[in-house]
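Participant: What follows is a structure written as structure tokens; I'll ask about it next.
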There are 2 protein chains.
Amino acid sequence: MSLTNATPLEVAKAAQVGSRRLAVLSTDERNAALTAIHKALAEGKDEVLAANKQDLEDANKAAAGGTLSQSLVKRLDLGKTGKYEDMLQGILDVRDLEDPINKTTARTLLDDNLILSRVTCPIGVLLIIFEARPEVIANISALAIKSGNAAILKGGRESSHSFAAIATIISRALSTTAVPSDCLQLVQTRDAIADLLKLDTYIDLCIPRGGNELVRYVKTTASIPVLGHADGICSTYLCADYPAGKAVRILVDAKASYPAGCNALEQLLVDEAALTTSLPTVAKALLAYGVSLRCDAASLSALKGALDPASAAILQEATEEDYRTEFLDLVLAIKTVKSLDEAIAHINAHSSHHTDAILTLDPQAAKTFLAAIDSSSVYWNTSTRMADGQRYGFGTEVGISTNKIHSRGPVGLEGLTIYKWTIVGDAQVSADYGAGGKKWKHEVLLDEGVARDEDEREVLRKFRAAKKA
Amino acid sequence: MSLTNATPLEVAKAAQVGSRRLAVLSTDERNAALTAIHKALAEGKDEVLAANKQDLEDANKAAAGGTLSQSLVKRLDLGKTGKYEDMLQGILDVRDLEDPINKTTARTLLDDNLILSRVTCPIGVLLIIFEARPEVIANISALAIKSGNAAILKGGRESSHSFAAIATIISRALSTTAVPSDCLQLVQTRDAIADLLKLDTYIDLCIPRGGNELVRYVKTTASIPVLGHADGICSTYLCADYPAGKAVRILVDAKASYPAGCNALEQLLVDEAALTTSLPTVAKALLAYGVSLRCDAASLSALKGALDPASAAILQEATEEDYRTEFLDLVLAIKTVKSLDEAIAHINAHSSHHTDAILTLDPQAAKTFLAAIDSSSVYWNTSTRMADGQRYGFGTEVGISTNKIHSRGPVGLEGLTIYKWTIVGDAQVSADYGAGGKKWKHEVLLDEGVARDEDEREVLRKFRAAKKA
């Protein structure tokens, strides 16, 4: 990794050149680089923590002056028990995932000795803009190298000493490996972001990791494709048939387990038949967790009738704006709906297409909801907080995408790849085929080894059982 | 399909509402709509051809006045033998392809009774901007309905009468089906494109089909993601070991079979060891097809020594600009390279990342080339003209993408889909898992029926053979 003060154009050009060399390295060469980075960062812990202490001192001064929040100061601290070790372990976890590139995902016999393949490959050069958390740099470096992508990193200035120390160590480690140093560059130049976002000739994808102000700025400024999400306005629709006890478990988790998360619940839609049955139980539980409830007229009236006077007194009236707001706090907007269709229409019009859920015992209603909701993750009878790369089994994620193209939902290694089409032939040419000429065979080869029906699955199961015995 | 003079905002909003209804229709309902469109267009042939005649008369006048090219006039003509029938057959071909949506492409057991699925779904609303060819409207309408996407269509004004006639007929046909009419809208408003390209709240993807001026305008103007390619600068690298006869077949097909195609060859890289062996044979064949050869110094000198004086006299000197030009004509730039690495570096720096090929008998060189070239299609021993959705077995294509994200290469039905993640649970919540809590199972379910090794493939083959016998 180079720590660079070069111009954005020089940075981007160098990254593109490096990316082409990185793209053809073997799995072992890329994994060896991750091993080397892990070792170097383990040995350099004191060096990094000394730099981190300097960031913390600056941040504490800023916090005392009121220009920085205490929660941000906390996120800066790499010395917290286990945090540095988690960062180190994360590098090995990524190393040990399956290689996402050079996988053949489709294969068609076009004609004899003429084979079309779809092969996964790196996207090229990523631009990753992130806010203060210093451990992110190690995590992203690991994901980039593993997926064969060069990465230009630009971090928040609050972590600049920590970033510089980590980058210097990673740079030293990479110089002993096959990965070109320019494949990872930490940009230190001030105000480089606007220029970098225009370099679509050299940079293939931008992933902003930070608050929605940053994401909005990136989306409106970039000529490069941007992967990510600005808001996380997640909804859950509570049907009248769903047991109150389970609803409480799910909704408390969704709203109160980490209200600052993008997958936290911001809106509860309640079937009008549930207003006097499960809603009061749910509301009591949420109030006990300190959640402020902003209710529409129907739910407000129902809850005022059902709750004790002290609880009823702290209920608030919802405004239309509340149904378009990501609170990122212990606040929940509640809205009454008359039907499944109304719930679906409201969510499609108000959600940020991140994650939405239905709680019901009716499989038909659930099926309709799962099909009709236009969001990257849609759940039946569980918490919106499940939307997370680690929970999905991706090992780790670079972020969550609400885009409608490429990667949607939590984005792991697979989301950092694209594919190329290859054809291997023996001098067949296009003019041989078509009207009056040869016929294409178009025989799908890749599913040769896939069971085509239940009989074939049974054959495989029996063979495996016999082998095991 | 509505033929609309509404404002861009009204058009886009209506399309989004329609898209949500279309997204949940069954395969049968979408296929039935294609059958209805096919029937109506077959019955309305005279009506369409009468309108097309009007476009042709206007175009012929413009051509006589020199404001329109003769080749464009030809492309307008729907009355040419077989063209209308091909358009009709295309609708049925798309109808009979496998349904690209509602397919589960990944499935993971997160925990008991907690299943994560990745399910394909439509992207939403497509904006498709295309130039004169009137049959494209039927083709694109079929692809959009089949893939469950609403489409806003804006066609070139030269075909306006034909487009209006086709749109009126499609509109009539759709009114008898489950597909909402607003799912297909042909925009007639002048100057609507710039406004439509900014409506990223309602439109999910833009596909420009036309010359590179149109594509460049769309790419620089749109706040919507754009799928497509501006240039098709395709190269082939001729190695010294490759037989001249096969090289001639491939290179004549690549350059001369359809020079106006985006997959036509524009640059030939020649290994210096081939300058006096196969290159003269190749050059003679290309000259016989009327191809102008623009040569670098080394190839020029080699060919001047090898060709007859008349042929040698018409060779041209290449400029640096020739290696960055899409000729779309019977012109070929030739460049000598000293090594595979030089060929790869030149192509990665000069190609438009569309399609590039290597001609060699050396598997190691081919493997390196296939891995190192950063283009959407990369071939070994065949013609760049193979890059085409129909040839790839996609049935049809909406275009060819040189994007590095989402769809790359020829884009068929699959390229018009995205996926959503669903989780079906029973009140498990995120806080149950992690440090000190339950462990994720992360058991991959979808590959249960996939042969895991050669033994298992053999078991499947034997079972199939026995069943067949």
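Ligands are numbered from 1 in the order shown, residues from 1 within each chain, and chains are lettered A, B, ... in the order they appear in the structure tokens.
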Compile the residues of chain A that lie within 7 Å of chain B, evaluated using only C-alpha atoms, and express the compilation as a PyMOL selection string.
Facilitator: chain A and resi 20+24+123+204+246+249-250+253+257+371-372+375-383+385-386+393+404-406+408+418+420-431+442+449-451+456-457+460
Participant: Give me a file of those residues, with N, CA and C atoms, as a tab-separated table (two decimals), in the first residue's frame.
Facilitator:
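The new file selection28.tsv reads:
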```tsv
chain	number	residue	atom	x	y	z
A	20	ARG	N	-4.31	-4.50	-13.21
A	20	ARG	CA	-4.19	-5.51	-14.26
A	20	ARG	C	-3.20	-6.60	-13.85
A	24	VAL	N	-4.27	-11.07	-12.48
A	24	VAL	CA	-3.80	-12.36	-12.99
A	24	VAL	C	-2.96	-13.14	-11.97
A	123	ILE	N	-13.51	-6.54	-10.70
A	123	ILE	CA	-14.09	-5.37	-11.37
A	123	ILE	C	-12.97	-4.47	-11.89
A	204	ASP	N	-13.48	2.03	-11.51
A	204	ASP	CA	-14.66	1.32	-11.99
A	204	ASP	C	-15.86	1.39	-11.06
A	246	LYS	N	-44.20	-13.33	20.08
A	246	LYS	CA	-43.18	-13.37	19.03
A	246	LYS	C	-42.98	-12.00	18.40
A	249	ARG	N	-40.65	-10.00	20.59
A	249	ARG	CA	-39.24	-10.41	20.41
A	249	ARG	C	-38.65	-9.77	19.15
A	250	ILE	N	-39.38	-9.90	18.05
A	250	ILE	CA	-38.86	-9.43	16.77
A	250	ILE	C	-38.75	-7.91	16.73
A	253	ASP	N	-36.00	-6.45	19.00
A	253	ASP	CA	-34.70	-6.65	18.35
A	253	ASP	C	-34.50	-5.65	17.21
A	257	SER	N	-32.14	-3.17	19.47
A	257	SER	CA	-30.85	-3.83	19.70
A	257	SER	C	-29.68	-2.97	19.19
A	371	ALA	N	-43.04	-11.22	-2.66
A	371	ALA	CA	-42.94	-10.96	-4.11
A	371	ALA	C	-43.12	-9.48	-4.42
A	372	ALA	N	-44.01	-8.82	-3.69
A	372	ALA	CA	-44.41	-7.46	-4.11
A	372	ALA	C	-43.52	-6.36	-3.57
A	375	SER	N	-37.66	-4.28	-2.32
A	375	SER	CA	-36.52	-3.92	-1.47
A	375	SER	C	-35.43	-4.98	-1.59
A	376	SER	N	-34.22	-4.62	-1.18
A	376	SER	CA	-33.11	-5.54	-1.39
A	376	SER	C	-33.21	-6.78	-0.49
A	377	SER	N	-33.78	-6.62	0.71
A	377	SER	CA	-34.05	-7.78	1.57
A	377	SER	C	-35.50	-7.70	2.04
A	378	VAL	N	-36.21	-8.82	1.99
A	378	VAL	CA	-37.62	-8.87	2.41
A	378	VAL	C	-37.80	-10.12	3.27
A	379	TYR	N	-38.34	-9.94	4.48
A	379	TYR	CA	-38.38	-11.04	5.45
A	379	TYR	C	-39.79	-11.42	5.86
A	380	TRP	N	-39.90	-12.65	6.28
A	380	TRP	CA	-41.14	-13.18	6.85
A	380	TRP	C	-40.82	-13.70	8.26
A	381	ASN	N	-41.42	-13.05	9.24
A	381	ASN	CA	-41.30	-13.48	10.65
A	381	ASN	C	-39.89	-13.44	11.23
A	382	THR	N	-39.14	-12.41	10.84
A	382	THR	CA	-37.89	-12.19	11.56
A	382	THR	C	-37.56	-10.69	11.54
A	383	SER	N	-36.46	-10.36	12.18
A	383	SER	CA	-36.11	-8.96	12.42
A	383	SER	C	-35.33	-8.34	11.27
A	385	ARG	N	-32.98	-6.51	11.42
A	385	ARG	CA	-31.56	-6.46	11.79
A	385	ARG	C	-30.75	-7.63	11.23
A	386	MET	N	-31.45	-8.63	10.66
A	386	MET	CA	-30.75	-9.75	10.03
A	386	MET	C	-29.96	-9.31	8.79
A	393	GLY	N	-23.78	-15.05	5.97
A	393	GLY	CA	-22.78	-16.07	5.69
A	393	GLY	C	-21.74	-15.66	4.66
A	404	LYS	N	-30.42	-1.09	-7.82
A	404	LYS	CA	-31.23	-2.09	-8.51
A	404	LYS	C	-30.41	-2.85	-9.54
A	405	ILE	N	-29.15	-2.50	-9.68
A	405	ILE	CA	-28.31	-3.28	-10.59
A	405	ILE	C	-27.07	-3.77	-9.84
A	406	HIS	N	-26.41	-4.76	-10.42
A	406	HIS	CA	-25.20	-5.38	-9.88
A	406	HIS	C	-25.46	-6.07	-8.54
A	408	ARG	N	-27.02	-6.28	-4.70
A	408	ARG	CA	-28.14	-5.76	-3.94
A	408	ARG	C	-28.13	-6.41	-2.57
A	418	ILE	N	-17.08	-9.18	-11.28
A	418	ILE	CA	-17.93	-9.18	-12.46
A	418	ILE	C	-17.47	-10.42	-13.22
A	420	LYS	N	-16.27	-12.13	-17.30
A	420	LYS	CA	-16.04	-11.91	-18.72
A	420	LYS	C	-16.50	-13.16	-19.45
A	421	TRP	N	-16.84	-12.99	-20.71
A	421	TRP	CA	-17.21	-14.12	-21.56
A	421	TRP	C	-15.98	-14.53	-22.36
A	422	THR	N	-15.66	-15.81	-22.37
A	422	THR	CA	-14.58	-16.26	-23.24
A	422	THR	C	-15.15	-17.26	-24.24
A	423	ILE	N	-14.58	-17.26	-25.43
A	423	ILE	CA	-14.88	-18.34	-26.38
A	423	ILE	C	-13.57	-18.96	-26.81
A	424	VAL	N	-13.53	-20.28	-26.77
A	424	VAL	CA	-12.38	-21.01	-27.27
A	424	VAL	C	-12.84	-21.77	-28.50
A	425	GLY	N	-12.21	-21.51	-29.64
A	425	GLY	CA	-12.67	-22.14	-30.88
A	425	GLY	C	-11.54	-22.69	-31.71
A	426	ASP	N	-11.87	-23.12	-32.91
A	426	ASP	CA	-10.86	-23.57	-33.85
A	426	ASP	C	-11.19	-23.00	-35.23
A	427	ALA	N	-11.12	-21.68	-35.31
A	427	ALA	CA	-11.30	-20.96	-36.58
A	427	ALA	C	-12.72	-21.01	-37.14
A	428	GLN	N	-13.72	-21.37	-36.29
A	428	GLN	CA	-15.09	-21.18	-36.77
A	428	GLN	C	-15.37	-19.67	-36.82
A	429	VAL	N	-16.18	-19.25	-37.77
A	429	VAL	CA	-16.46	-17.81	-37.89
A	429	VAL	C	-17.96	-17.57	-37.94
A	430	SER	N	-18.34	-16.34	-37.64
A	430	SER	CA	-19.77	-16.04	-37.49
A	430	SER	C	-20.55	-16.27	-38.78
A	431	ALA	N	-19.91	-16.00	-39.91
A	431	ALA	CA	-20.64	-16.11	-41.18
A	431	ALA	C	-20.99	-17.56	-41.54
A	442	HIS	N	-25.78	-24.66	-28.96
A	442	HIS	CA	-26.29	-24.06	-27.71
A	442	HIS	C	-26.62	-25.10	-26.65
A	449	GLY	N	-23.59	-31.89	-14.25
A	449	GLY	CA	-23.49	-32.54	-12.94
A	449	GLY	C	-24.58	-32.12	-11.97
A	450	VAL	N	-25.65	-31.52	-12.49
A	450	VAL	CA	-26.73	-31.08	-11.61
A	450	VAL	C	-27.93	-32.02	-11.77
A	451	ALA	N	-28.44	-32.48	-10.64
A	451	ALA	CA	-29.60	-33.37	-10.69
A	451	ALA	C	-30.78	-32.65	-11.33
A	456	GLU	N	-33.05	-38.11	-9.66
A	456	GLU	CA	-31.59	-37.94	-9.74
A	456	GLU	C	-31.02	-37.45	-8.41
A	457	ARG	N	-31.77	-36.63	-7.71
A	457	ARG	CA	-31.30	-36.20	-6.37
A	457	ARG	C	-31.21	-37.41	-5.45
A	460	LEU	N	-28.10	-39.36	-6.06
A	460	LEU	CA	-26.94	-38.72	-5.43
A	460	LEU	C	-26.94	-38.98	-3.92
```
Participant: With only C-alpha atoms as the counted atoms, please give the residues lying no more than 8 Å from Ala165 in chain B, apart from itself and same-chain residues fewer than 5 positions off, as a list in words.
Facilitator: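 Final neighbour list, sorted by chain and number: Glu47, Val48 and Ala51 of chain B.
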Participant: For the helix (DSSP H, G or I) assignment from backbone DSSP, which residues of range 180-386 of chain A qualify? Please present them as an MDAnalysis selection string.
Facilitator: chainID A and resid 181:183 193:196 212:221 244:256 272:274 278:288 297:306 309:313 320:324 340:350 363:372 384:386
Participant: Using the chain letters and numbers from this document, which residues of range 68-259 of chain A does DSSP assign to strand (DSSP E or B), as a ChimeraX atom specification?
Facilitator: /A:104-111,114-122,125-130,150-155,184-187,205-209,226,234-238
Participant: Which polymer residues have any atom within 10 Å of an atom of Ala62 in chain B, counting only C-alpha atoms, with same-chain residues fewer than 6 positions away left out, as JSON, numbers by chain?
Facilitator: {"B": [56, 68, 69, 70, 73, 158]}
Participant: Suppose we keep all heavy atoms; can you now write the selection as a PDB file, in the first residue's frame?
Facilitator:
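The resulting file, out_37.pdb, is reproduced below:
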```pdb
ATOM      1  N   LEU B  56     -41.028   5.971 -44.895  1.00  0.00           N
ATOM      2  CA  LEU B  56     -40.079   5.755 -45.994  1.00  0.00           C
ATOM      3  C   LEU B  56     -40.117   6.903 -46.996  1.00  0.00           C
ATOM      4  O   LEU B  56     -39.068   7.336 -47.497  1.00  0.00           O
ATOM      5  CB  LEU B  56     -40.395   4.441 -46.719  1.00  0.00           C
ATOM      6  CG  LEU B  56     -39.813   3.180 -46.073  1.00  0.00           C
ATOM      7  CD1 LEU B  56     -40.335   1.937 -46.793  1.00  0.00           C
ATOM      8  CD2 LEU B  56     -38.279   3.207 -46.126  1.00  0.00           C
ATOM      9  N   LEU B  68     -30.197  12.687 -44.897  1.00  0.00           N
ATOM     10  CA  LEU B  68     -30.328  11.339 -44.324  1.00  0.00           C
ATOM     11  C   LEU B  68     -29.545  10.380 -45.217  1.00  0.00           C
ATOM     12  O   LEU B  68     -29.534  10.531 -46.438  1.00  0.00           O
ATOM     13  CB  LEU B  68     -31.819  10.949 -44.303  1.00  0.00           C
ATOM     14  CG  LEU B  68     -32.259   9.936 -43.252  1.00  0.00           C
ATOM     15  CD1 LEU B  68     -32.165  10.542 -41.858  1.00  0.00           C
ATOM     16  CD2 LEU B  68     -33.695   9.495 -43.513  1.00  0.00           C
ATOM     17  N   SER B  69     -28.885   9.371 -44.607  1.00  0.00           N
ATOM     18  CA  SER B  69     -28.087   8.454 -45.424  1.00  0.00           C
ATOM     19  C   SER B  69     -28.975   7.367 -46.022  1.00  0.00           C
ATOM     20  O   SER B  69     -30.011   7.016 -45.468  1.00  0.00           O
ATOM     21  CB  SER B  69     -26.992   7.821 -44.565  1.00  0.00           C
ATOM     22  OG  SER B  69     -27.565   6.865 -43.704  1.00  0.00           O
ATOM     23  N   GLN B  70     -28.544   6.831 -47.157  1.00  0.00           N
ATOM     24  CA  GLN B  70     -29.300   5.748 -47.801  1.00  0.00           C
ATOM     25  C   GLN B  70     -29.354   4.507 -46.908  1.00  0.00           C
ATOM     26  O   GLN B  70     -30.349   3.791 -46.889  1.00  0.00           O
ATOM     27  CB  GLN B  70     -28.672   5.397 -49.162  1.00  0.00           C
ATOM     28  CG  GLN B  70     -29.194   6.235 -50.332  1.00  0.00           C
ATOM     29  CD  GLN B  70     -30.722   6.143 -50.509  1.00  0.00           C
ATOM     30  OE1 GLN B  70     -31.354   5.180 -50.098  1.00  0.00           O
ATOM     31  NE2 GLN B  70     -31.318   7.182 -51.096  1.00  0.00           N
ATOM     32  N   VAL B  73     -32.159   4.831 -44.562  1.00  0.00           N
ATOM     33  CA  VAL B  73     -33.440   4.602 -45.244  1.00  0.00           C
ATOM     34  C   VAL B  73     -33.706   3.101 -45.331  1.00  0.00           C
ATOM     35  O   VAL B  73     -34.809   2.629 -45.054  1.00  0.00           O
ATOM     36  CB  VAL B  73     -33.434   5.241 -46.651  1.00  0.00           C
ATOM     37  CG1 VAL B  73     -34.739   4.930 -47.386  1.00  0.00           C
ATOM     38  CG2 VAL B  73     -33.241   6.750 -46.555  1.00  0.00           C
ATOM     39  N   GLU B 158     -37.297   9.423 -37.289  1.00  0.00           N
ATOM     40  CA  GLU B 158     -37.458   8.929 -38.657  1.00  0.00           C
ATOM     41  C   GLU B 158     -38.498   7.809 -38.743  1.00  0.00           C
ATOM     42  O   GLU B 158     -39.085   7.581 -39.792  1.00  0.00           O
ATOM     43  CB  GLU B 158     -36.125   8.412 -39.220  1.00  0.00           C
ATOM     44  CG  GLU B 158     -35.074   9.492 -39.443  1.00  0.00           C
ATOM     45  CD  GLU B 158     -34.365   9.874 -38.156  1.00  0.00           C
ATOM     46  OE1 GLU B 158     -34.578   9.195 -37.131  1.00  0.00           O
ATOM     47  OE2 GLU B 158     -33.618  10.866 -38.174  1.00  0.00           O
TER      48      GLU B 158
END
```
Participant: Show me, as a PyMOL selection string, the residues that have an atom within 12 Å of His161 in chain B when counting only C-alpha atoms, minus same-chain residues fewer than 5 positions from it.
Facilitator: chain B and resi 3+47-59+76+78+132-134+155-156+166-168+188
Participant: Determine the nearest neighbour of Thr402 in chain B from the options B:Asp231, B:Glu29, B:Asp96, B:Glu266, counting only C-alpha atoms.
Facilitator: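 For Thr402 in chain B, the nearest of the candidates is B:Asp231.
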